[in-house]
Structures are given as structure tokens and as C-alpha cells.
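Quick look at entry-v4.cif (mmCIF, C-alpha atoms and all ligand atoms):
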data_data
loop_
_atom_site.label_atom_id
_atom_site.label_comp_id
_atom_site.auth_asym_id
_atom_site.auth_seq_id
_atom_site.Cartn_x
_atom_site.Cartn_y
_atom_site.Cartn_z
CA MET T 1 0.00 0.00 0.00
CA SER T 2 1.27 3.49 -0.83
CA ALA T 3 2.10 5.70 2.13
CA THR T 4 0.51 9.11 2.54
CA GLN T 5 2.20 11.69 0.34
CA ARG T 6 2.46 15.43 0.80
CA LEU T 7 3.40 18.33 -1.42
CA THR T 8 3.53 22.05 -0.77
CA VAL T 9 1.95 24.79 -2.86
CA ALA T 10 4.60 27.45 -2.33
CA LEU T 11 2.80 30.79 -2.28
CA GLY T 12 4.76 32.62 0.41
CA PRO T 13 2.45 33.51 3.31
CA ARG T 14 -0.41 31.69 1.55
CA SER T 15 1.53 28.43 1.17
CA TYR T 16 -0.24 25.20 2.05
CA ASP T 17 0.14 21.45 1.86
CA ILE T 18 -1.77 18.94 -0.20
CA VAL T 19 -1.94 15.55 1.51
CA VAL T 20 -2.83 12.58 -0.69
CA GLY T 21 -3.40 9.08 0.61
CA ARG T 22 -5.79 6.48 1.92
CA ARG T 23 -7.93 6.51 5.07
CA LEU T 24 -7.25 10.23 5.55
CA LEU T 25 -10.79 11.03 6.76
CA ALA T 26 -10.15 8.95 9.84
CA GLU T 27 -7.04 11.04 10.51
CA ALA T 28 -8.66 14.35 9.51
CA GLY T 29 -8.36 15.87 12.97
CA ALA T 30 -4.67 15.14 13.41
CA LEU T 31 -3.94 16.39 9.89
CA ILE T 32 -6.06 19.52 10.18
CA ALA T 33 -5.04 20.48 13.74
CA SER T 34 -1.68 21.92 12.70
CA ALA T 35 -3.19 23.95 9.84
CA VAL T 36 -6.02 25.71 11.70
CA ARG T 37 -5.97 28.25 14.51
CA GLN T 38 -8.81 26.96 16.68
CA LYS T 39 -9.98 23.51 17.70
CA ARG T 40 -13.36 24.31 16.23
CA VAL T 41 -14.45 24.03 12.60
CA VAL T 42 -17.64 24.22 10.54
CA VAL T 43 -17.92 21.33 8.09
CA VAL T 44 -19.86 22.20 4.93
CA THR T 45 -20.94 19.25 2.79
CA ASP T 46 -23.78 18.05 0.55
CA GLU T 47 -26.47 15.43 1.17
CA HIS T 48 -24.83 12.70 -0.93
CA VAL T 49 -21.45 13.10 0.71
CA ALA T 50 -22.97 13.49 4.18
CA ALA T 51 -24.70 10.13 3.85
CA LEU T 52 -21.51 8.40 2.74
CA HIS T 53 -18.56 10.07 4.45
CA LEU T 54 -19.54 12.68 7.04
CA GLU T 55 -19.50 10.40 10.07
CA ARG T 56 -15.96 9.22 9.35
CA CYS T 57 -14.83 12.81 8.96
CA ARG T 58 -16.53 13.91 12.18
CA ALA T 59 -15.02 10.97 14.05
CA GLY T 60 -11.61 11.82 12.64
CA LEU T 61 -11.95 15.42 13.82
CA ALA T 62 -13.25 14.38 17.25
CA ALA T 63 -10.31 12.00 17.71
CA ALA T 64 -8.02 15.05 17.71
CA GLY T 65 -10.31 17.07 19.95
CA ILE T 66 -11.67 19.29 17.17
CA ALA T 67 -15.30 20.32 17.69
CA ALA T 68 -17.24 20.28 14.43
CA GLU T 69 -20.60 21.74 13.54
CA THR T 70 -22.05 20.65 10.24
CA ILE T 71 -24.03 22.33 7.46
CA VAL T 72 -25.47 20.02 4.81
CA LEU T 73 -26.45 21.51 1.43
CA PRO T 74 -28.51 20.05 -1.40
CA PRO T 75 -26.27 18.40 -4.02
CA GLY T 76 -25.77 19.72 -7.53
CA GLU T 77 -24.64 22.78 -9.48
CA GLU T 78 -27.92 24.63 -8.66
CA THR T 79 -26.64 24.99 -5.10
CA LYS T 80 -23.82 27.26 -6.28
CA ASP T 81 -26.11 30.30 -6.48
CA PHE T 82 -26.68 33.56 -4.60
CA ALA T 83 -29.58 32.17 -2.58
CA HIS T 84 -27.62 29.22 -1.19
CA PHE T 85 -24.56 31.41 -0.68
CA ALA T 86 -26.59 33.86 1.41
CA GLN T 87 -28.21 31.06 3.40
CA LEU T 88 -24.84 29.41 4.02
CA CYS T 89 -23.33 32.67 5.29
CA GLU T 90 -26.30 33.25 7.62
CA ASP T 91 -26.13 29.66 8.88
CA VAL T 92 -22.40 29.88 9.59
CA LEU T 93 -22.82 33.23 11.36
CA SER T 94 -25.66 31.88 13.46
CA LEU T 95 -23.21 29.37 14.92
CA GLY T 96 -21.39 32.28 16.53
CA ILE T 97 -18.08 31.79 14.76
CA GLU T 98 -14.90 33.76 15.39
CA ARG T 99 -12.16 34.93 12.99
CA ALA T 100 -10.09 31.88 13.95
CA THR T 101 -12.84 29.35 13.18
CA ALA T 102 -12.12 27.41 10.00
CA ILE T 103 -14.50 26.11 7.34
CA VAL T 104 -13.96 22.53 6.15
CA ALA T 105 -15.34 21.92 2.64
CA LEU T 106 -16.14 18.19 2.43
CA GLY T 107 -17.42 17.44 -1.06
CA GLY T 108 -16.98 17.92 -4.77
CA GLY T 109 -16.28 21.11 -6.67
CA VAL T 110 -19.70 22.56 -5.91
CA VAL T 111 -19.18 22.39 -2.14
CA GLY T 112 -15.54 23.50 -2.48
CA ASP T 113 -16.38 26.54 -4.63
CA LEU T 114 -19.35 27.64 -2.54
CA ALA T 115 -17.90 26.99 0.92
CA GLY T 116 -14.59 28.47 -0.26
CA PHE T 117 -16.31 31.66 -1.39
CA ALA T 118 -18.18 31.87 1.91
CA ALA T 119 -14.83 31.45 3.70
CA ALA T 120 -13.32 34.19 1.53
CA THR T 121 -16.00 36.69 2.54
CA LEU T 122 -17.26 35.75 6.02
CA LEU T 123 -15.72 38.09 8.63
CA ARG T 124 -13.54 39.30 5.69
CA GLY T 125 -11.86 35.94 5.38
CA LEU T 126 -11.82 32.68 7.32
CA ASP T 127 -9.33 29.86 6.97
CA PHE T 128 -10.66 26.94 5.02
CA VAL T 129 -9.64 23.35 4.43
CA GLN T 130 -10.52 21.50 1.26
CA VAL T 131 -11.46 17.84 1.69
CA PRO T 132 -12.34 17.01 -1.93
CA THR T 133 -14.46 13.91 -2.51
CA THR T 134 -14.73 13.75 -6.32
CA LEU T 135 -11.81 13.01 -8.62
CA LEU T 136 -12.40 16.35 -10.33
CA ALA T 137 -12.16 18.18 -7.02
CA GLN T 138 -9.08 16.22 -5.89
CA VAL T 139 -7.12 16.93 -9.06
CA ASP T 140 -8.43 20.36 -9.94
CA SER T 141 -10.95 22.49 -8.07
CA ALA T 142 -9.59 22.00 -4.53
CA VAL T 143 -6.14 23.29 -5.54
CA GLY T 144 -5.36 26.84 -6.57
CA GLY T 145 -7.74 28.99 -4.56
CA LYS T 146 -10.41 29.83 -7.11
CA THR T 147 -13.78 30.06 -5.37
CA ALA T 148 -17.04 31.20 -6.95
CA ILE T 149 -20.77 30.96 -7.42
CA ASP T 150 -22.84 31.04 -10.61
CA THR T 151 -25.12 33.88 -11.74
CA ARG T 152 -27.79 34.11 -14.41
CA HIS T 153 -25.12 35.73 -16.58
CA GLY T 154 -22.92 32.67 -16.45
CA LYS T 155 -20.96 30.24 -14.31
CA ASN T 156 -18.36 31.27 -11.73
CA LEU T 157 -18.83 35.00 -12.38
CA VAL T 158 -18.89 36.07 -8.71
CA GLY T 159 -16.01 34.80 -6.64
CA ALA T 160 -12.62 35.37 -5.10
CA PHE T 161 -9.13 33.99 -5.05
CA HIS T 162 -8.86 32.50 -1.57
CA GLN T 163 -6.30 29.76 -0.98
CA PRO T 164 -7.12 26.93 1.42
CA VAL T 165 -4.82 26.32 4.40
CA LEU T 166 -4.73 22.58 3.63
CA VAL T 167 -6.04 20.11 1.05
CA LEU T 168 -6.77 16.52 2.15
CA ALA T 169 -7.32 14.18 -0.79
CA ASP T 170 -8.41 10.77 0.53
CA VAL T 171 -8.55 8.48 -2.50
CA ASP T 172 -10.68 5.95 -0.58
CA VAL T 173 -13.71 8.26 -0.83
CA LEU T 174 -13.60 7.83 -4.61
CA GLU T 175 -14.86 4.26 -4.13
CA THR T 176 -18.42 5.56 -3.74
CA LEU T 177 -18.25 7.94 -6.71
CA PRO T 178 -20.40 6.90 -9.69
CA ARG T 179 -18.28 5.75 -12.67
CA ARG T 180 -19.53 8.61 -14.86
CA GLU T 181 -18.37 11.24 -12.32
CA LEU T 182 -15.05 9.42 -11.95
CA LEU T 183 -14.53 9.44 -15.71
CA ALA T 184 -15.42 13.13 -15.93
CA GLY T 185 -12.72 13.88 -13.34
CA TYR T 186 -10.30 11.66 -15.23
CA ALA T 187 -10.55 14.03 -18.20
CA GLU T 188 -8.88 16.70 -16.05
CA VAL T 189 -6.14 14.21 -15.12
CA VAL T 190 -5.47 13.59 -18.83
CA LYS T 191 -5.33 17.36 -19.31
CA TYR T 192 -2.17 17.62 -17.20
CA GLY T 193 -0.45 15.07 -19.43
CA LEU T 194 -1.60 16.80 -22.58
CA ILE T 195 -0.58 20.31 -21.57
CA GLY T 196 2.83 19.69 -20.10
CA ASP T 197 3.86 16.13 -19.30
CA ARG T 198 4.09 13.61 -22.10
CA ALA T 199 5.49 10.94 -19.76
CA PHE T 200 2.37 11.30 -17.58
CA PHE T 201 0.17 10.79 -20.65
CA ASP T 202 2.20 7.64 -21.49
CA TRP T 203 1.60 6.49 -17.91
CA LEU T 204 -2.14 7.16 -18.20
CA GLU T 205 -2.35 5.18 -21.44
CA ALA T 206 -0.83 2.25 -19.55
CA ASN T 207 -2.72 2.67 -16.26
CA GLY T 208 -5.90 4.69 -16.92
CA ALA T 209 -8.23 1.71 -17.23
CA ALA T 210 -6.98 0.05 -14.02
CA LEU T 211 -7.12 3.34 -12.17
CA LEU T 212 -10.74 3.85 -13.20
CA ALA T 213 -11.55 0.24 -12.30
CA GLY T 214 -10.54 0.92 -8.70
CA ASP T 215 -6.79 0.48 -8.14
CA ALA T 216 -6.21 2.79 -5.15
CA ALA T 217 -2.41 3.00 -5.54
CA LEU T 218 -2.78 4.13 -9.15
CA ARG T 219 -5.47 6.62 -8.13
CA GLN T 220 -3.18 8.03 -5.48
CA GLU T 221 -0.34 8.43 -7.96
CA ALA T 222 -2.62 10.11 -10.52
CA VAL T 223 -4.03 12.52 -7.91
CA LEU T 224 -0.56 13.39 -6.61
CA ARG T 225 0.91 13.97 -10.08
CA SER T 226 -2.11 16.05 -11.10
CA CYS T 227 -1.92 18.20 -7.96
CA ALA T 228 1.82 18.66 -8.49
CA ALA T 229 1.16 19.74 -12.09
CA LYS T 230 -1.52 22.20 -11.08
CA ALA T 231 0.50 23.54 -8.14
CA SER T 232 3.53 24.12 -10.35
CA ILE T 233 1.47 26.39 -12.59
CA VAL T 234 -0.45 28.11 -9.76
CA VAL T 235 2.77 29.14 -7.98
CA LEU T 236 3.97 30.85 -11.16
CA ASP T 237 0.69 32.64 -11.84
CA GLU T 238 -1.66 32.64 -8.84
CA ARG T 239 -4.22 35.03 -10.37
CA GLU T 240 -4.25 33.78 -13.96
CA SER T 241 -2.54 36.60 -15.77
CA GLY T 242 -0.53 34.28 -18.02
CA LYS T 243 0.66 30.71 -17.65
CA ARG T 244 -2.32 29.58 -15.55
CA ALA T 245 -4.44 30.00 -18.71
CA LEU T 246 -2.84 26.76 -19.99
CA LEU T 247 -5.05 25.00 -17.44
CA ASN T 248 -7.97 26.08 -19.63
CA PHE T 249 -6.86 23.58 -22.28
CA GLY T 250 -10.04 22.13 -23.81
CA HIS T 251 -12.14 24.57 -21.79
CA THR T 252 -12.97 27.21 -24.43
CA PHE T 253 -14.63 24.56 -26.57
CA GLY T 254 -15.77 22.75 -23.42
CA HIS T 255 -17.55 25.74 -21.86
CA ALA T 256 -19.38 26.42 -25.11
CA LEU T 257 -20.46 22.76 -25.24
CA GLU T 258 -21.66 22.93 -21.64
CA ALA T 259 -23.57 26.15 -22.28
CA LEU T 260 -25.29 24.61 -25.31
CA THR T 261 -26.31 21.56 -23.33
CA GLY T 262 -27.59 23.63 -20.39
CA PHE T 263 -24.77 22.92 -17.86
CA GLY T 264 -26.73 19.86 -16.85
CA ASN T 265 -26.55 16.14 -16.63
CA SER T 266 -26.58 15.55 -20.37
CA LEU T 267 -22.93 16.63 -20.58
CA LEU T 268 -20.83 16.82 -17.42
CA HIS T 269 -18.05 19.41 -17.16
CA GLY T 270 -15.31 16.79 -17.50
CA GLU T 271 -17.03 15.20 -20.49
CA ALA T 272 -17.19 18.62 -22.17
CA VAL T 273 -13.49 19.14 -21.36
CA ALA T 274 -12.61 15.75 -22.91
CA LEU T 275 -14.34 16.64 -26.16
CA GLY T 276 -12.91 20.17 -25.96
CA MET T 277 -9.37 18.77 -25.61
CA GLN T 278 -9.94 16.52 -28.61
CA LEU T 279 -11.17 19.49 -30.66
CA ALA T 280 -8.12 21.49 -29.57
CA PHE T 281 -5.83 18.68 -30.77
CA ASP T 282 -7.72 18.25 -34.03
CA LEU T 283 -7.62 21.99 -34.68
CA SER T 284 -3.91 22.10 -33.81
CA ALA T 285 -3.31 19.33 -36.37
CA ARG T 286 -5.43 21.05 -39.02
CA LEU T 287 -3.48 24.28 -38.52
CA GLY T 288 -0.21 22.42 -38.90
CA PHE T 289 0.93 23.01 -35.33
CA CYS T 290 0.93 19.38 -34.29
CA PRO T 291 1.27 15.96 -35.95
CA ASN T 292 -1.95 14.13 -36.90
CA ALA T 293 -0.63 11.14 -34.98
CA ALA T 294 -0.82 13.07 -31.70
CA ALA T 295 -4.49 13.94 -32.26
CA HIS T 296 -5.22 10.29 -33.08
CA ARG T 297 -3.44 9.11 -29.97
CA VAL T 298 -5.54 11.41 -27.78
CA ARG T 299 -8.75 10.20 -29.46
CA ARG T 300 -7.73 6.56 -28.98
CA HIS T 301 -7.16 6.99 -25.25
CA LEU T 302 -10.22 9.11 -24.45
CA SER T 303 -12.63 7.05 -26.52
CA ALA T 304 -11.30 3.70 -25.25
CA LEU T 305 -12.32 4.76 -21.74
CA GLY T 306 -15.72 6.03 -22.82
CA LEU T 307 -15.19 9.79 -22.93
CA PRO T 308 -16.81 11.72 -25.82
CA THR T 309 -14.50 12.70 -28.70
CA THR T 310 -16.85 13.59 -31.54
CA LEU T 311 -19.13 16.57 -31.98
CA ALA T 312 -21.67 14.36 -33.67
CA ALA T 313 -22.47 12.97 -30.21
CA ILE T 314 -23.98 16.36 -29.23
CA PRO T 315 -26.72 17.40 -31.65
CA THR T 316 -27.36 20.85 -30.08
CA ALA T 317 -23.71 21.82 -30.57
CA THR T 318 -23.99 23.03 -34.17
CA PRO T 319 -20.92 24.86 -35.52
CA ASP T 320 -22.81 28.20 -35.67
CA ALA T 321 -24.10 27.90 -32.12
CA LEU T 322 -20.67 26.84 -30.86
CA ILE T 323 -18.80 29.70 -32.48
CA ALA T 324 -21.41 32.24 -31.31
CA THR T 325 -21.10 30.91 -27.74
CA MET T 326 -17.31 30.89 -27.87
CA GLN T 327 -17.30 34.52 -28.99
CA LYS T 328 -19.20 35.48 -25.84
CA ASP T 329 -16.43 33.89 -23.75
CA LYS T 330 -14.43 36.19 -21.49
CA LYS T 331 -11.31 35.06 -23.34
CA VAL T 332 -12.25 36.88 -26.57
CA SER T 333 -10.22 39.99 -27.17
CA GLY T 334 -10.27 42.23 -30.24
CA GLY T 335 -12.50 39.75 -32.11
CA ARG T 336 -9.93 36.95 -31.77
CA LEU T 337 -10.33 33.93 -29.61
CA THR T 338 -7.66 32.98 -27.13
CA LEU T 339 -7.26 29.27 -27.57
CA VAL T 340 -4.95 26.82 -25.89
CA LEU T 341 -3.52 24.65 -28.68
CA ALA T 342 -0.82 21.99 -28.77
CA ARG T 343 2.42 21.41 -30.66
CA ASP T 344 2.41 17.81 -29.51
CA ILE T 345 1.31 15.74 -26.53
CA GLY T 346 2.67 17.57 -23.49
CA GLU T 347 3.28 20.85 -25.34
CA ALA T 348 0.33 23.22 -25.02
CA PHE T 349 0.61 26.90 -25.82
CA LEU T 350 -1.62 29.98 -25.87
CA CYS T 351 -2.64 31.09 -29.35
CA ARG T 352 -4.36 34.39 -30.10
CA ASP T 353 -3.90 34.22 -33.89
CA VAL T 354 -6.83 32.07 -34.95
CA LEU T 355 -9.68 33.91 -36.62
CA PRO T 356 -13.23 32.90 -35.66
CA ALA T 357 -13.87 32.11 -39.37
CA THR T 358 -11.07 29.54 -39.31
CA VAL T 359 -12.48 27.93 -36.17
CA ALA T 360 -15.94 27.97 -37.78
CA ALA T 361 -14.62 26.13 -40.88
CA PHE T 362 -12.92 23.59 -38.64
CA LEU T 363 -16.08 23.05 -36.56
CA ALA T 364 -18.19 22.61 -39.69
CA ASP T 365 -15.88 19.76 -40.74
CA ALA T 366 -15.82 18.34 -37.21
CA ALA T 367 -19.64 18.32 -37.06
CA ARG T 368 -19.65 16.24 -40.26
CA GLY T 369 -17.50 13.71 -38.45
CA ARG T 370 -14.24 14.80 -40.07
CA ASN T 371 -11.23 15.50 -37.94
CA SER T 372 -7.51 16.04 -38.10
CA LEU T 373 -7.09 14.02 -41.30
CA GLU T 374 -8.67 16.83 -43.32
CA PRO T 375 -6.38 19.06 -45.39
CA ALA T 376 -4.61 21.85 -43.53
CA LEU T 377 -6.49 25.04 -42.76
CA PRO T 378 -4.77 28.41 -43.13
CA LEU T 379 -4.17 30.03 -39.75
CA SER T 380 -5.94 33.32 -40.47
N1 LIG T 401 -12.40 26.25 -8.35
C1 LIG T 401 -11.88 25.69 -9.40
O1 LIG T 401 -10.70 25.89 -9.73
C2 LIG T 401 -12.71 24.74 -10.20
C3 LIG T 401 -12.12 23.94 -11.18
C4 LIG T 401 -12.93 23.03 -11.87
C5 LIG T 401 -14.27 22.92 -11.57
N2 LIG T 401 -14.81 23.73 -10.62
C6 LIG T 401 -16.24 23.64 -10.27
O2 LIG T 401 -16.45 22.34 -9.73
C7 LIG T 401 -17.83 22.02 -9.90
C8 LIG T 401 -17.93 20.58 -10.34
O3 LIG T 401 -17.36 19.76 -9.35
P1 LIG T 401 -17.68 18.20 -9.26
O4 LIG T 401 -17.53 17.60 -10.59
O5 LIG T 401 -16.89 17.68 -8.13
O6 LIG T 401 -19.25 18.19 -8.98
P2 LIG T 401 -20.15 18.06 -7.66
O7 LIG T 401 -19.55 18.74 -6.51
O8 LIG T 401 -21.52 18.46 -8.08
O9 LIG T 401 -20.12 16.49 -7.40
C9 LIG T 401 -20.69 15.61 -8.35
C10 LIG T 401 -21.71 14.68 -7.69
O10 LIG T 401 -21.02 13.68 -6.95
C11 LIG T 401 -21.51 13.63 -5.62
N3 LIG T 401 -20.38 13.20 -4.80
C12 LIG T 401 -19.32 13.92 -4.38
N4 LIG T 401 -18.41 13.12 -3.78
C13 LIG T 401 -18.91 11.87 -3.80
C14 LIG T 401 -18.44 10.62 -3.36
N5 LIG T 401 -17.23 10.48 -2.80
N6 LIG T 401 -19.23 9.53 -3.55
C15 LIG T 401 -20.45 9.64 -4.16
N7 LIG T 401 -20.94 10.80 -4.62
C16 LIG T 401 -20.18 11.90 -4.45
C17 LIG T 401 -22.03 15.00 -5.34
O11 LIG T 401 -23.00 15.01 -4.32
C18 LIG T 401 -22.64 15.35 -6.70
O12 LIG T 401 -23.91 14.75 -6.81
C19 LIG T 401 -18.40 23.00 -10.89
O13 LIG T 401 -19.23 23.91 -10.21
C20 LIG T 401 -17.18 23.72 -11.43
O14 LIG T 401 -17.45 25.07 -11.79
C21 LIG T 401 -14.06 24.62 -9.93
#
What is this structure when it is put down as C-alpha cells?
Amino acid sequence: MSATQRLTVALGPRSYDIVVGRRLLAEAGALIASAVRQKRVVVVTDEHVAALHLERCRAGLAAAGIAAETIVLPPGEETKDFAHFAQLCEDVLSLGIERATAIVALGGGVVGDLAGFAAATLLRGLDFVQVPTTLLAQVDSAVGGKTAIDTRHGKNLVGAFHQPVLVLADVDVLETLPRRELLAGYAEVVKYGLIGDRAFFDWLEANGAALLAGDAALRQEAVLRSCAAKASIVVLDERESGKRALLNFGHTFGHALEALTGFGNSLLHGEAVALGMQLAFDLSARLGFCPNAAAHRVRRHLSALGLPTTLAAIPTATPDALIATMQKDKKVSGGRLTLVLARDIGEAFLCRDVLPATVAAFLADAARGRNSLEPALPLS
């Protein structure tokens, strides 16, 4: 069995550790005690996670003498709104908290983003601990300090950068995660290989299926390597003014796909990112930036595991609708899209030179089921 592993996100006074391992919920109190200022925390979770994992977490906290009050939210993206944010803040305040009381976010990205934003604003900033329980949250949303809620104008538009004081990623909690959610999180794991670590992608090709099937040691290694990859970018660019944008690989296409499918259950965020990453590779190949073979290799891996790789799978995502949605993205500047493209597996780069008309021509071909084998497109 792999031992618990720890890495540090080095952000000066906002530095914190990410602990990855097994059976960490049972040790939550001992692990959290040194990161918080008071032996009292408020655990925020959702109904699904509460039913499965809350008691172990509470027992782990109690074992180290940490008093925990609990707030349980309804599950799902709809909870990340102003109404639930307001209610959560009122509920936390009604517990009579002090500046030194910490919030513990026990759940997926929804709980982490919402509880994190509450922590960022309550009493002008409380400490908070991320205890992510989905693969997506363990490898992505719990690390890096982005917290937010959704508005009717779009997702994640009201929020704050607020780093946690500790991240505890217990891979055992992934055992209860439905396969579809696990796979959606896996897309973000693949992203780290595709943007900057070819050897990690090689490793995922060899181990991805076993990891998804339940091998805890492989899961631990994938979570640790993903967190290390994200941390290495976050420490260079905490507030996303440059390099951190590489983490949006697959997301410009992905967000448009999610918007066109209503941000709902028909296409999960990670599924949209998988298809978005494939489109980014296909477009990179069509523009002559990257070899066709790389785009094929990505398709082979994603589709073998059951992630979507063709636009044809999403009838509402017509090329016109996609391009119109992408142009509303915050990443558009001067009429040009900022895309993250690839020179090869493990070599992503930011590209501001692609005209929307070029992307539209590419998407029209992609919607007809054609991909990187098509003749090259001119860049602009
Ligand atoms: N802050 C960031 O940097 C960042 C990055 C990526 C995504 N996000 C946000 O993350 C959110 C998506 O996160 P998510 O995919 O974790 O979704 P989620 O939090 O909605 O969790 C998915 C589902 O799994 C359930 N669940 C959670 N843990 C479980 C477990 N161990 N066993 C069984 N069921 C479990 C939840 O109750 C929910 O029904 C989005 O709101 C997105 O905007 C934030």
C-alpha cells in the first residue's frame, strides 16, 4: 500500500500542503489540527457526501479534539447560487463563529467553490480546508484557490481567489463515486499530461483503465501527479494573468459545449473538457501546429475509456451555435479567440492568432465527423 504523500503549494504567506493518501478522513483531525488556529471548525458538505462520508470525517476530527458543527447543502450545481450562498453565510454566522474558526469543505467542486467563497468573505476571510471527494475536485478544483458561485449571466462570475490552508485528498472516498463522475474527473487528469507532461500521458495510457476500475495506488499516484502539475502552474501565476491560462486547455470549446447543453446532466463538465481537448488537438493538427498522430493518440485513449471525442455525439452543438457561444467567452479579445492549442502531446501553448472564421470552418468539418485528417487550414 502506498504511504501518505504530501506536497507544498509554495505561495509565500499563503503556502499550504496537499496531503494525498488512503484513510485520511479517519485522521482528519490530526492532519487539520496543525493547519487551523482553533480547535473548532464548521464542516460544509452536501447530502450525498454526508450520507456516505460525514461520520468518518466527524469521528476523525473528534479524535483530535476538534469540535465540528455541520451544514449540509442540497447536491448539484444549482446549489452554487446567490440564494444558497446567502443562506450558508447566515447559517455559519448563526453558529457564533470567530475569525479563527475554519471552514472545512467536504465534497466535490460545488461544495468547495461555494464553501470556499463563503470562507473568503465571512468576517472578511476565514481559513478553510478543502477535503475534496470527487476526482475532479481532488485533481483540480480543490487546488489553486479559485472560489465562486454562478449567476444568471454565467458560471463562476462572482467569486474570489482565496487559498485553502490545507487540502486533504483521501482516495478511498472515490470508491463511492459513480463511474460517470469518476470518468469526468479523469478528463482533467489527462489534461495535465496533454498540456505539459508527455510521460504522464504515457503512464495514463498504460494505467488509466486500471485506475478507473478501482486500483487505489494508481489513483493516489494520478491525484498526486495532477496536484503537483496544477501547483507548479499556480505558484507561477496565482491570479491567472498568463501561464495559468494553460489549465484552460479544452475549456474554451468545453464551456461552449456545456452552455449549449444547459450545464446539466446531459454533458458533465469533465465530459465537455474531454471533447474540448480533442477538438483542440484536431484543430492544432489542421493548422499544422501538431502531428496528426498526436491527435489520433488522444482520441484513442479518451474514446477507449468512454469519454466523448466527436461533436456528432452532441446534436445541439452546431458549428454556428458553438462559435457564437465561444465569442461570448471572457477570453475573446479584439475579435480573436484565445485558444490553448498543442504542438504535440505535453506541449500546449496559448494562441491568439486564430480567426473565428477559421475555427468555424474547422467546426463545420468536425460536425460532419471529419477530424484532423482533413487538409490543412490556413491560420488566419
Ligand atoms: N475552483 C476551481 O478551480 C474549479 C475547477 C474546476 C471545476 N470547478 C467547479 O467544480 C464544480 C464541479 O465539481 P464536481 O464535478 O466535483 O461536482 P459536484 O460537486 O456536483 O459532485 C458531483 C456529484 O457527486 C456527488 N459526490 C461527491 N463526492 C462523492 C463521493 N465520494 N461519492 C459519491 N458521490 C459523491 C455530489 O454530491 C454530486 O452529486 C463546478 O461547479 C465547477 O465550476 C471549480
Please build the interface table for stretch 54-151 of chain T against stretch 164-169 of chain T with a cut-off of 6 Å, listing for each qualifying residue the nearest atom pair and the distance in Å to one decimal; count all atoms listed in the file, order rows by chain and increasing number, and write it as CSV.
residue,atom,partner,partner_atom,distance
T:Phe128,CA,T:Pro164,CA,5.0
T:Val129,CA,T:Leu166,CA,5.0
T:Gln130,CA,T:Val167,CA,4.7
T:Val131,CA,T:Leu168,CA,4.9
T:Pro132,CA,T:Ala169,CA,5.9
T:Gln138,CA,T:Ala169,CA,5.8
Need to verify the contact set: T:Ala366, 12 Å, all atoms listed in the file, exclusion of same-chain residues closer than 3 positions in sequence. Can you return it as a compact mmCIF listing (two decimals) with C-alpha atoms, keeping the file's coordinate frame?
# COMPACT_ATOMS: atom_id res chain seq x y z
CA LEU T 275 -14.34 16.64 -26.16
CA GLY T 276 -12.91 20.17 -25.96
CA GLN T 278 -9.94 16.52 -28.61
CA LEU T 279 -11.17 19.49 -30.66
CA ALA T 280 -8.12 21.49 -29.57
CA PHE T 281 -5.83 18.68 -30.77
CA ASP T 282 -7.72 18.25 -34.03
CA LEU T 283 -7.62 21.99 -34.68
CA ARG T 286 -5.43 21.05 -39.02
CA THR T 309 -14.50 12.70 -28.70
CA THR T 310 -16.85 13.59 -31.54
CA LEU T 311 -19.13 16.57 -31.98
CA ALA T 312 -21.67 14.36 -33.67
CA ALA T 313 -22.47 12.97 -30.21
CA ILE T 314 -23.98 16.36 -29.23
CA ALA T 317 -23.71 21.82 -30.57
CA THR T 318 -23.99 23.03 -34.17
CA PRO T 319 -20.92 24.86 -35.52
CA LEU T 322 -20.67 26.84 -30.86
CA VAL T 359 -12.48 27.93 -36.17
CA ALA T 360 -15.94 27.97 -37.78
CA ALA T 361 -14.62 26.13 -40.88
CA PHE T 362 -12.92 23.59 -38.64
CA LEU T 363 -16.08 23.05 -36.56
CA GLY T 369 -17.50 13.71 -38.45
CA ARG T 370 -14.24 14.80 -40.07
CA ASN T 371 -11.23 15.50 -37.94
CA SER T 372 -7.51 16.04 -38.10
CA LEU T 373 -7.09 14.02 -41.30
CA GLU T 374 -8.67 16.83 -43.32
Need to verify the contact set: T:Leu337, 10 Å, all atoms listed in the file, exclusion of same-chain residues closer than 6 positions in sequence. Can you return it as a JSON list (two decimals) with C-alpha atoms, keeping the file's coordinate frame?
[["chain", "number", "residue", "atom", "x", "y", "z"],
["T", 252, "THR", "CA", -12.97, 27.21, -24.43],
["T", 323, "ILE", "CA", -18.80, 29.70, -32.48],
["T", 326, "MET", "CA", -17.31, 30.89, -27.87],
["T", 327, "GLN", "CA", -17.30, 34.52, -28.99],
["T", 328, "LYS", "CA", -19.20, 35.48, -25.84],
["T", 329, "ASP", "CA", -16.43, 33.89, -23.75],
["T", 330, "LYS", "CA", -14.43, 36.19, -21.49],
["T", 331, "LYS", "CA", -11.31, 35.06, -23.34],
["T", 351, "CYS", "CA", -2.64, 31.09, -29.35],
["T", 352, "ARG", "CA", -4.36, 34.39, -30.10],
["T", 353, "ASP", "CA", -3.90, 34.22, -33.89],
["T", 354, "VAL", "CA", -6.83, 32.07, -34.95],
["T", 355, "LEU", "CA", -9.68, 33.91, -36.62],
["T", 356, "PRO", "CA", -13.23, 32.90, -35.66],
["T", 359, "VAL", "CA", -12.48, 27.93, -36.17]]
Box in all listed atoms of ligand LIG 401 (chain T), axis-aligned, with 5 Å more on each side; write out centre and edge lengths in Å to one decimal as lines of an AutoDock Vina configuration file.
center_x = -17.3
center_y = 17.9
center_z = -7.3
size_x = 23.2
size_y = 26.7
size_z = 19.1
**OP:** Grab me every residue within 6 Å of ligand LIG 401 (chain T), counting all atoms listed in the file, and send it over as a PyMOL selection string.
**Re:** chain T and resi 46+48-49+75-77+107-111+113+133-134+136-137+140-141+146-147+173-174+176-177
Original post:
Can you tell me how far atom CA of T:Asp197 sits from atom CA of T:Ala229, in Å to one decimal?
Top reply: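 Result for atom CA of T:Asp197 versus atom CA of T:Ala229: 8.5 Å, one decimal.
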